[in-house]
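As stored in upload18.cif (mmCIF, C-alpha atoms and all ligand atoms):
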data_upload
#
loop_
_atom_site.group_PDB
_atom_site.id
_atom_site.type_symbol
_atom_site.label_atom_id
_atom_site.label_comp_id
_atom_site.auth_asym_id
_atom_site.auth_seq_id
_atom_site.Cartn_x
_atom_site.Cartn_y
_atom_site.Cartn_z
ATOM 1 C CA MET S 532 0.000 0.000 0.000
ATOM 2 C CA SER S 533 1.296 3.473 -0.745
ATOM 3 C CA CYS S 534 1.283 6.063 1.972
ATOM 4 C CA ALA S 535 1.454 9.770 1.277
ATOM 5 C CA LEU S 536 2.604 10.500 4.790
ATOM 6 C CA LYS S 537 6.169 9.877 5.750
ATOM 7 C CA VAL S 538 6.419 7.430 8.594
ATOM 8 C CA PRO S 539 9.569 6.810 10.636
ATOM 9 C CA LYS S 540 12.069 4.287 9.384
ATOM 10 C CA SER S 541 11.358 0.812 10.570
ATOM 11 C CA CYS S 542 13.748 -1.158 12.703
ATOM 12 C CA ARG S 543 14.274 -3.349 9.667
ATOM 13 C CA ALA S 544 16.102 -0.508 7.960
ATOM 14 C CA LEU S 545 18.335 0.066 10.937
ATOM 15 C CA GLY S 546 20.355 -2.986 11.605
ATOM 16 C CA LEU S 547 17.901 -5.620 12.768
ATOM 17 C CA HIS S 548 19.674 -7.945 10.356
ATOM 18 C CA HIS S 549 21.762 -8.859 13.394
ATOM 19 C CA TYR S 550 19.214 -11.600 13.931
ATOM 20 C CA ARG S 551 17.465 -14.000 11.640
ATOM 21 C CA TRP S 552 13.897 -13.232 12.510
ATOM 22 C CA SER S 553 11.874 -15.716 10.580
ATOM 23 C CA SER S 554 12.332 -18.854 12.608
ATOM 24 C CA MET S 555 12.701 -17.734 16.133
ATOM 25 C CA ALA S 556 9.635 -17.705 18.288
ATOM 26 C CA SER S 557 10.321 -18.810 21.826
ATOM 27 C CA ALA S 558 9.633 -22.521 22.144
ATOM 28 C CA SER S 559 7.462 -22.053 25.214
ATOM 29 C CA PRO S 560 6.082 -18.866 26.747
ATOM 30 C CA ASN S 561 7.849 -17.257 29.702
ATOM 31 C CA LEU S 562 5.018 -16.611 32.142
ATOM 32 C CA ALA S 563 6.958 -14.920 34.965
ATOM 33 C CA PHE S 564 5.477 -11.525 34.061
ATOM 34 C CA VAL S 565 2.035 -12.725 32.951
ATOM 35 C CA PRO S 566 -0.851 -12.486 35.456
ATOM 36 C CA ALA S 567 -2.446 -15.840 36.257
ATOM 37 C CA THR S 568 -5.438 -16.617 34.058
ATOM 38 C CA GLN S 569 -7.532 -19.506 32.808
ATOM 39 C CA PRO S 570 -6.879 -20.995 29.360
ATOM 40 C CA PRO S 571 -9.404 -19.732 26.788
ATOM 41 C CA ASP S 572 -12.575 -21.831 26.699
ATOM 42 C CA ALA S 573 -14.275 -23.126 23.564
ATOM 43 C CA VAL S 574 -16.949 -20.413 23.592
ATOM 44 C CA GLU S 575 -14.337 -17.643 23.738
ATOM 45 C CA VAL S 576 -12.394 -19.179 20.881
ATOM 46 C CA GLU S 577 -15.507 -19.563 18.786
ATOM 47 C CA THR S 578 -16.686 -16.012 19.459
ATOM 48 C CA LEU S 579 -13.333 -14.517 18.520
ATOM 49 C CA GLN S 580 -13.177 -16.784 15.483
ATOM 50 C CA ARG S 581 -16.528 -15.438 14.313
ATOM 51 C CA PHE S 582 -15.401 -11.829 14.842
ATOM 52 C CA VAL S 583 -12.160 -12.333 12.908
ATOM 53 C CA SER S 584 -13.964 -14.183 10.118
ATOM 54 C CA HIS S 585 -16.391 -11.284 9.686
ATOM 55 C CA SER S 586 -13.599 -8.691 9.650
ATOM 56 C CA GLN S 587 -12.091 -7.869 6.306
ATOM 57 C CA ARG S 588 -9.839 -4.982 7.325
ATOM 58 C CA LEU S 589 -8.817 -5.351 10.914
ATOM 59 C CA LEU S 590 -6.945 -2.640 12.785
ATOM 60 C CA VAL S 591 -4.962 -4.260 15.587
ATOM 61 C CA LEU S 592 -3.673 -2.280 18.561
ATOM 62 C CA THR S 593 -1.172 -4.063 20.801
ATOM 63 C CA GLY S 594 0.344 -3.149 24.152
ATOM 64 C CA ALA S 595 2.782 -4.454 26.737
ATOM 65 C CA GLY S 596 0.531 -7.409 27.553
ATOM 66 C CA ILE S 597 1.436 -9.070 24.265
ATOM 67 C CA SER S 598 5.155 -8.966 25.108
ATOM 68 C CA THR S 599 5.001 -10.230 28.682
ATOM 69 C CA GLU S 600 4.966 -13.784 27.313
ATOM 70 C CA SER S 601 8.345 -13.011 25.738
ATOM 71 C CA GLY S 602 9.719 -12.283 29.213
ATOM 72 C CA ILE S 603 9.386 -8.478 29.141
ATOM 73 C CA PRO S 604 7.532 -7.138 32.190
ATOM 74 C CA ASP S 605 4.829 -4.511 31.673
ATOM 75 C CA TYR S 606 4.257 -1.566 33.979
ATOM 76 C CA ARG S 607 0.686 -2.117 35.107
ATOM 77 C CA SER S 608 -0.206 -5.803 35.463
ATOM 78 C CA GLU S 609 -1.524 -6.645 38.887
ATOM 79 C CA GLY S 610 1.128 -8.349 41.028
ATOM 80 C CA VAL S 611 3.691 -8.950 38.271
ATOM 81 C CA GLY S 612 4.032 -5.543 36.536
ATOM 82 C CA LEU S 613 6.910 -3.215 37.296
ATOM 83 C CA TYR S 614 4.699 -0.789 39.262
ATOM 84 C CA ALA S 615 3.507 -3.622 41.491
ATOM 85 C CA ARG S 616 6.945 -5.155 42.082
ATOM 86 C CA THR S 617 9.150 -2.068 42.448
ATOM 87 C CA ASP S 618 9.067 1.653 43.163
ATOM 88 C CA ARG S 619 10.850 2.391 39.902
ATOM 89 C CA ARG S 620 9.162 4.648 37.374
ATOM 90 C CA PRO S 621 10.237 5.314 33.775
ATOM 91 C CA ILE S 622 12.272 8.411 32.917
ATOM 92 C CA GLN S 623 10.381 11.571 32.014
ATOM 93 C CA HIS S 624 11.058 13.261 28.680
ATOM 94 C CA ALA S 625 11.904 16.671 30.178
ATOM 95 C CA GLU S 626 14.336 15.118 32.637
ATOM 96 C CA PHE S 627 16.191 13.344 29.829
ATOM 97 C CA VAL S 628 16.389 16.451 27.621
ATOM 98 C CA HIS S 629 17.429 18.908 30.326
ATOM 99 C CA SER S 630 19.750 16.893 32.559
ATOM 100 C CA ALA S 631 23.127 15.524 31.458
ATOM 101 C CA SER S 632 23.347 13.421 34.622
ATOM 102 C CA ALA S 633 19.884 11.949 33.961
ATOM 103 C CA ARG S 634 21.029 11.006 30.452
ATOM 104 C CA GLN S 635 24.219 9.478 31.834
ATOM 105 C CA ARG S 636 22.172 7.406 34.282
ATOM 106 C CA TYR S 637 19.680 6.403 31.598
ATOM 107 C CA TRP S 638 22.305 5.337 29.055
ATOM 108 C CA ALA S 639 24.474 3.506 31.618
ATOM 109 C CA ARG S 640 21.460 1.409 32.592
ATOM 110 C CA ASN S 641 20.389 0.982 29.006
ATOM 111 C CA PHE S 642 23.914 -0.089 28.020
ATOM 112 C CA VAL S 643 23.911 -2.813 30.651
ATOM 113 C CA GLY S 644 20.393 -3.980 29.846
ATOM 114 C CA TRP S 645 20.755 -3.917 26.068
ATOM 115 C CA PRO S 646 22.259 -7.371 25.403
ATOM 116 C CA GLN S 647 19.413 -9.057 27.267
ATOM 117 C CA PHE S 648 16.643 -6.668 26.217
ATOM 118 C CA SER S 649 17.544 -6.821 22.530
ATOM 119 C CA SER S 650 17.616 -10.618 22.601
ATOM 120 C CA HIS S 651 13.932 -11.119 23.497
ATOM 121 C CA GLN S 652 12.048 -13.188 20.934
ATOM 122 C CA PRO S 653 8.535 -12.793 19.555
ATOM 123 C CA ASN S 654 5.977 -15.206 21.005
ATOM 124 C CA ALA S 655 3.025 -17.086 19.535
ATOM 125 C CA ALA S 656 0.811 -13.961 19.601
ATOM 126 C CA HIS S 657 3.259 -11.863 17.550
ATOM 127 C CA LEU S 658 3.602 -14.700 15.055
ATOM 128 C CA ALA S 659 -0.172 -15.160 14.804
ATOM 129 C CA LEU S 660 -0.625 -11.474 13.931
ATOM 130 C CA ARG S 661 2.144 -11.698 11.366
ATOM 131 C CA HIS S 662 0.342 -14.706 9.883
ATOM 132 C CA TRP S 663 -2.974 -12.816 9.792
ATOM 133 C CA GLU S 664 -1.236 -9.933 8.002
ATOM 134 C CA ARG S 665 0.134 -12.230 5.321
ATOM 135 C CA LEU S 666 -3.354 -13.605 4.739
ATOM 136 C CA GLY S 667 -4.675 -10.068 4.249
ATOM 137 C CA LYS S 668 -6.729 -10.045 7.448
ATOM 138 C CA VAL S 669 -4.808 -7.278 9.238
ATOM 139 C CA HIS S 670 -5.219 -3.915 7.525
ATOM 140 C CA TRP S 671 -2.825 -2.206 9.933
ATOM 141 C CA LEU S 672 -1.047 -3.018 13.169
ATOM 142 C CA VAL S 673 -0.415 -0.295 15.727
ATOM 143 C CA THR S 674 1.789 -1.151 18.661
ATOM 144 C CA GLN S 675 2.443 0.805 21.814
ATOM 145 C CA ASN S 676 5.481 -1.376 22.468
ATOM 146 C CA VAL S 677 9.072 -0.286 21.875
ATOM 147 C CA ASP S 678 10.608 -3.766 21.931
ATOM 148 C CA ALA S 679 10.718 -4.502 18.150
ATOM 149 C CA LEU S 680 9.036 -7.894 18.679
ATOM 150 C CA HIS S 681 6.450 -7.334 15.915
ATOM 151 C CA THR S 682 9.289 -6.433 13.549
ATOM 152 C CA LYS S 683 11.209 -9.499 14.640
ATOM 153 C CA ALA S 684 8.102 -11.590 13.965
ATOM 154 C CA GLY S 685 7.952 -10.162 10.434
ATOM 155 C CA SER S 686 4.988 -7.752 10.606
ATOM 156 C CA GLN S 687 5.272 -4.989 8.015
ATOM 157 C CA ARG S 688 1.990 -3.078 7.884
ATOM 158 C CA MET S 689 2.741 -1.512 11.213
ATOM 159 C CA THR S 690 3.157 1.728 13.131
ATOM 160 C CA GLU S 691 5.265 1.822 16.270
ATOM 161 C CA LEU S 692 3.251 4.443 18.104
ATOM 162 C CA HIS S 693 5.889 5.118 20.754
ATOM 163 C CA GLY S 694 8.960 4.439 18.615
ATOM 164 C CA CYS S 695 11.436 1.632 19.070
ATOM 165 C CA THR S 696 14.399 1.076 21.377
ATOM 166 C CA HIS S 697 16.351 -0.419 18.485
ATOM 167 C CA ARG S 698 16.721 3.045 16.940
ATOM 168 C CA VAL S 699 18.610 6.073 18.271
ATOM 169 C CA LEU S 700 17.616 9.631 17.402
ATOM 170 C CA CYS S 701 19.844 12.722 17.456
ATOM 171 C CA LEU S 702 17.939 15.620 19.002
ATOM 172 C CA GLY S 703 20.214 18.037 17.113
ATOM 173 C CA CYS S 704 20.095 16.923 13.480
ATOM 174 C CA GLY S 705 17.373 14.277 13.596
ATOM 175 C CA GLU S 706 19.540 11.481 12.262
ATOM 176 C CA GLN S 707 18.329 7.968 13.099
ATOM 177 C CA THR S 708 20.942 5.318 13.779
ATOM 178 C CA SER S 709 20.957 1.740 14.970
ATOM 179 C CA ARG S 710 21.037 1.014 18.690
ATOM 180 C CA PHE S 711 23.373 -1.889 17.930
ATOM 181 C CA GLU S 712 25.922 0.586 16.543
ATOM 182 C CA LEU S 713 25.623 2.786 19.625
ATOM 183 C CA GLN S 714 26.437 -0.213 21.804
ATOM 184 C CA LYS S 715 29.803 -0.446 20.031
ATOM 185 C CA TYR S 716 30.512 3.250 20.734
ATOM 186 C CA PHE S 717 29.635 2.731 24.384
ATOM 187 C CA GLU S 718 32.020 -0.197 24.596
ATOM 188 C CA ALA S 719 34.829 1.796 22.932
ATOM 189 C CA LEU S 720 34.310 4.775 25.259
ATOM 190 C CA ASN S 721 33.999 2.663 28.406
ATOM 191 C CA PRO S 722 36.520 -0.155 28.001
ATOM 192 C CA THR S 723 36.962 -0.799 31.711
ATOM 193 C CA TRP S 724 33.460 0.074 32.940
ATOM 194 C CA ARG S 725 31.550 -2.858 34.356
ATOM 195 C CA ALA S 726 28.180 -3.212 36.043
ATOM 196 C CA GLU S 727 25.699 -5.983 36.566
ATOM 197 C CA ALA S 728 22.118 -5.820 35.377
ATOM 198 C CA HIS S 729 19.452 -6.441 37.998
ATOM 199 C CA GLY S 730 16.101 -6.771 36.267
ATOM 200 C CA VAL S 731 15.106 -5.168 32.983
ATOM 201 C CA ALA S 732 12.140 -2.797 32.540
ATOM 202 C CA PRO S 733 9.785 -2.592 29.516
ATOM 203 C CA ASP S 734 11.996 0.047 27.864
ATOM 204 C CA GLY S 735 15.271 -1.813 28.464
ATOM 205 C CA ASP S 736 16.141 0.132 31.611
ATOM 206 C CA VAL S 737 17.933 -1.740 34.420
ATOM 207 C CA PHE S 738 18.687 -0.964 38.024
ATOM 208 C CA LEU S 739 22.076 0.608 38.858
ATOM 209 C CA THR S 740 23.258 2.814 41.710
ATOM 210 C CA GLU S 741 24.397 6.429 41.236
ATOM 211 C CA GLU S 742 27.921 5.327 42.050
ATOM 212 C CA GLN S 743 27.912 2.788 39.258
ATOM 213 C CA VAL S 744 26.814 5.306 36.619
ATOM 214 C CA HIS S 745 29.165 8.082 37.743
ATOM 215 C CA ASN S 746 32.055 7.176 35.444
ATOM 216 C CA PHE S 747 30.020 6.064 32.448
ATOM 217 C CA ARG S 748 30.821 8.052 29.270
ATOM 218 C CA VAL S 749 28.028 8.902 26.830
ATOM 219 C CA PRO S 750 28.849 9.796 23.197
ATOM 220 C CA ALA S 751 27.310 12.708 21.308
ATOM 221 C CA CYS S 752 26.041 12.551 17.726
ATOM 222 C CA SER S 753 29.043 11.933 15.468
ATOM 223 C CA ARG S 754 27.562 14.260 12.842
ATOM 224 C CA CYS S 755 26.528 17.339 14.810
ATOM 225 C CA GLY S 756 27.514 16.765 18.448
ATOM 226 C CA GLY S 757 23.854 16.697 19.482
ATOM 227 C CA ILE S 758 22.173 14.704 22.246
ATOM 228 C CA LEU S 759 21.443 11.060 21.477
ATOM 229 C CA LYS S 760 18.104 9.699 22.663
ATOM 230 C CA PRO S 761 16.388 6.376 22.053
ATOM 231 C CA ASP S 762 13.808 6.861 19.284
ATOM 232 C CA VAL S 763 11.125 6.295 21.878
ATOM 233 C CA THR S 764 8.334 8.500 23.201
ATOM 234 C CA PHE S 765 9.183 8.875 26.868
ATOM 235 C CA PHE S 766 6.549 9.550 29.487
ATOM 236 C CA GLY S 767 5.703 13.260 29.437
ATOM 237 C CA ASP S 768 6.290 13.526 25.691
ATOM 238 C CA THR S 769 3.623 13.251 22.995
ATOM 239 C CA VAL S 770 3.297 11.222 19.825
ATOM 240 C CA SER S 771 3.719 13.415 16.731
ATOM 241 C CA GLN S 772 0.525 14.687 15.117
ATOM 242 C CA GLU S 773 1.714 13.297 11.803
ATOM 243 C CA LYS S 774 1.860 9.795 13.231
ATOM 244 C CA VAL S 775 -1.507 10.153 14.991
ATOM 245 C CA ASP S 776 -3.131 11.356 11.751
ATOM 246 C CA PHE S 777 -1.568 8.456 9.869
ATOM 247 C CA VAL S 778 -3.096 5.907 12.263
ATOM 248 C CA HIS S 779 -6.490 7.645 12.184
ATOM 249 C CA LYS S 780 -6.406 7.304 8.396
ATOM 250 C CA ARG S 781 -5.673 3.573 8.670
ATOM 251 C CA LEU S 782 -8.520 3.291 11.183
ATOM 252 C CA THR S 783 -10.893 5.030 8.770
ATOM 253 C CA GLU S 784 -10.046 2.379 6.176
ATOM 254 C CA SER S 785 -10.692 -0.449 8.662
ATOM 255 C CA ASP S 786 -13.923 -2.265 9.460
ATOM 256 C CA SER S 787 -13.160 -3.502 12.973
ATOM 257 C CA MET S 788 -10.625 -3.210 15.771
ATOM 258 C CA LEU S 789 -8.813 -5.743 17.923
ATOM 259 C CA VAL S 790 -7.011 -4.610 21.081
ATOM 260 C CA ALA S 791 -4.479 -7.196 22.244
ATOM 261 C CA GLY S 792 -2.587 -6.926 25.518
ATOM 262 C CA SER S 793 -3.338 -3.340 26.468
ATOM 263 C CA SER S 794 -5.259 -1.859 29.368
ATOM 264 C CA LEU S 795 -5.602 1.333 27.260
ATOM 265 C CA GLN S 796 -4.606 3.430 30.258
ATOM 266 C CA VAL S 797 -2.309 5.597 28.121
ATOM 267 C CA TYR S 798 -4.249 8.114 26.057
ATOM 268 C CA SER S 799 -2.057 7.810 22.964
ATOM 269 C CA GLY S 800 -3.491 4.332 22.361
ATOM 270 C CA TYR S 801 -6.879 4.843 24.007
ATOM 271 C CA ARG S 802 -7.756 7.639 21.558
ATOM 272 C CA PHE S 803 -7.901 5.089 18.733
ATOM 273 C CA ALA S 804 -10.368 2.943 20.663
ATOM 274 C CA LEU S 805 -12.462 6.087 21.182
ATOM 275 C CA ALA S 806 -12.229 6.886 17.473
ATOM 276 C CA ALA S 807 -13.287 3.330 16.590
ATOM 277 C CA GLN S 808 -16.267 3.678 18.900
ATOM 278 C CA GLU S 809 -17.241 6.958 17.226
ATOM 279 C CA LYS S 810 -17.077 5.253 13.850
ATOM 280 C CA LYS S 811 -19.219 2.454 15.293
ATOM 281 C CA LEU S 812 -16.595 -0.155 14.475
ATOM 282 C CA PRO S 813 -16.906 -3.358 16.482
ATOM 283 C CA ILE S 814 -14.078 -3.594 19.032
ATOM 284 C CA VAL S 815 -12.792 -6.811 20.565
ATOM 285 C CA ILE S 816 -10.365 -6.709 23.480
ATOM 286 C CA VAL S 817 -8.074 -9.572 24.505
ATOM 287 C CA ASN S 818 -6.401 -8.581 27.751
ATOM 288 C CA ILE S 819 -5.861 -10.039 31.195
ATOM 289 C CA GLY S 820 -7.530 -7.592 33.569
ATOM 290 C CA PRO S 821 -9.825 -4.601 33.038
ATOM 291 C CA THR S 822 -9.268 -1.989 30.339
ATOM 292 C CA ARG S 823 -10.505 1.537 29.837
ATOM 293 C CA SER S 824 -12.739 0.442 26.966
ATOM 294 C CA ASP S 825 -14.395 -2.695 28.361
ATOM 295 C CA HIS S 826 -17.760 -0.921 28.609
ATOM 296 C CA PHE S 827 -17.981 -0.172 24.904
ATOM 297 C CA ALA S 828 -16.248 -3.255 23.504
ATOM 298 C CA ALA S 829 -18.372 -5.711 21.546
ATOM 299 C CA LEU S 830 -16.419 -8.493 23.206
ATOM 300 C CA LYS S 831 -13.907 -8.656 26.043
ATOM 301 C CA LEU S 832 -11.801 -11.784 26.486
ATOM 302 C CA ASN S 833 -9.760 -12.132 29.643
ATOM 303 C CA SER S 834 -7.181 -14.362 28.001
ATOM 304 C CA ARG S 835 -3.491 -14.603 27.348
ATOM 305 C CA CYS S 836 -2.834 -13.364 23.794
ATOM 306 C CA GLY S 837 -0.334 -16.135 23.070
ATOM 307 C CA ALA S 838 -2.833 -18.784 24.161
ATOM 308 C CA LEU S 839 -5.825 -17.392 22.246
ATOM 309 C CA LEU S 840 -4.726 -15.711 19.012
ATOM 310 C CA PRO S 841 -2.926 -18.750 17.538
ATOM 311 C CA LEU S 842 -6.167 -20.753 17.883
ATOM 312 C CA ILE S 843 -7.944 -18.465 15.410
ATOM 313 C CA VAL S 844 -7.953 -19.443 11.740
ATOM 314 C CA PRO S 845 -8.320 -16.303 9.572
ATOM 315 C CA GLN S 846 -10.849 -16.917 6.799
HETATM 316 ZN ZN ZN Q 901 23.161 15.003 15.121
#
Take the structure I supplied and represent it as structure tokens, if you would.
Amino acid sequence: MSCALKVPKSCRALGLHHYRWSSMASASPNLAFVPATQPPDAVEVETLQRFVSHSQRLLVLTGAGISTESGIPDYRSEGVGLYARTDRRPIQHAEFVHSASARQRYWARNFVGWPQFSSHQPNAAHLALRHWERLGKVHWLVTQNVDALHTKAGSQRMTELHGCTHRVLCLGCGEQTSRFELQKYFEALNPTWRAEAHGVAPDGDVFLTEEQVHNFRVPACSRCGGILKPDVTFFGDTVSQEKVDFVHKRLTESDSMLVAGSSLQVYSGYRFALAAQEKKLPIVIVNIGPTRSDHFAALKLNSRCGALLPLIVPQ
């Protein structure tokens, strides 16, 4: 499909060839960060099957809940999310932009967490959605996740609403570079610096003390000397209007909406559920726990995405 609007470069264009994506779903789901839930029952499967069969142009919105089965914790899940387990909160955009020491702390943690964070594999839910796309069932996929797992699974008709940790953006000249390349610069600048990772957050952040980050050296943009930032929308920042308009256009072309693994607590994703409701599109939600749109969804399934979506046969 041709798009008049320019959308950000995909991770594919920026060095994700480091892995061979096609054959690498995790053999079995990692459920450490997934809230306990019952397996989907036959009625739920049949109802979702009917919904998907009737949809011709499905807009799919995914959130952190689809990646928890790949071993990446979300922020909000009851008992197992990062907010429930720790007092850590993600960095704020203004803090990153205005404070050199905040950036040093962020990048030191991100440097330590990167090898593990970047190695996470797509799970059965990501692969199911990729499969649906290839069969023409998914008109567009919108993800709130920054973990590149949809890209790794092979999805192409996709917008990464909040960017992707696999890309780095220069705040000075706007150049996008690969996070894998930045890791090499970090290693060259910090040949003797060592720290251990203790738990990785949804954005690749890990836990380090102030003392550990004190001597960590952060490179500037090699082209203009500007500040390097992950190409990710931090908390306190907003998604560009261009990107929001692009997704609204895809939604206008769609005939139904599936929300998978999101509580829709963040407005940047919730607005598309509201827009779908306004357009009177049927909305189905697959999420463990309540969401902000349960009351106007045509169907709400309290199931694990990786257990339910692969059972559906797109027709
Ligand atoms: Zn630059």
Residue with smallest distance to ligand ZN 901 (chain Q) - pool S:Glu741, S:Glu712, S:Glu706, S:Asp786, counting all atoms listed in the file: S:Glu706
Residues selected by the PyMOL selection byres (((chain S and resi 594) around 10) and not hetatm), written as an NGL selection string: :S and (592-593 or 595-599 or 605 or 673-677 or 790-795 or 797 or 800 or 818)
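Selecting all polymer residues at most 7 Å from ligand ZN 901 (chain Q), using only C-alpha atoms and all ligand atoms, gives S:Cys701, S:Leu702, S:Gly703, S:Cys704, S:Gly705, S:Glu706, S:Cys752, S:Ser753, S:Arg754, S:Cys755, S:Gly756, S:Gly757.
Using all atoms listed in the file, the shortest contact distance between S:Pro813 and any of S:Gln580, S:Val628, S:Ser586, S:Arg710 is found at S:Ser586.
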Report as a PyMOL selection string the residues that result from applying the PyMOL selection byres (((chain S and resi 680-696) around 6) and not hetatm) to the structure here. chain S and resi 552+653+657-658+661+671-675+677-679+697-698+761-764
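Here atom CA of S:Ser632 is placed at a distance of 21.1 Å from atom CA of S:Lys715.
Atom pair atom CA of S:Val775 / atom CA of S:Gln707: separated by 20.0 Å.
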So which one's closest to S:Asp768, S:Trp724, S:Tyr801, S:Tyr637, S:Phe627? Using all atoms listed in the file, please. S:Phe627
With 8 Å added on each side, what axis-aligned box encloses every listed atom of stretch 649-665 of chain S? Give the centre and edge lengths in Å to one decimal, as AutoDock Vina command-line options.
--center_x 7.3 --center_y -12.0 --center_z 14.4 --size_x 36.6 --size_y 26.3 --size_z 34.2
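Proximity ranking of S:Leu782, S:Leu562, S:Leu579, S:Ile622 relative to S:Pro604 places S:Leu562 first, based on only C-alpha atoms.
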Given the point (-14.3, -1.5, 32.4) in the coordinates of this file, which residues lie within 12 Å, counting all atoms listed in the file, and how would they look as a ChimeraX atom specification? /S:794-796,816,818,820-828,830-831,833
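Across the model, the gap from atom CA of S:Gln569 to atom CA of S:Ala659 is 19.9 Å.
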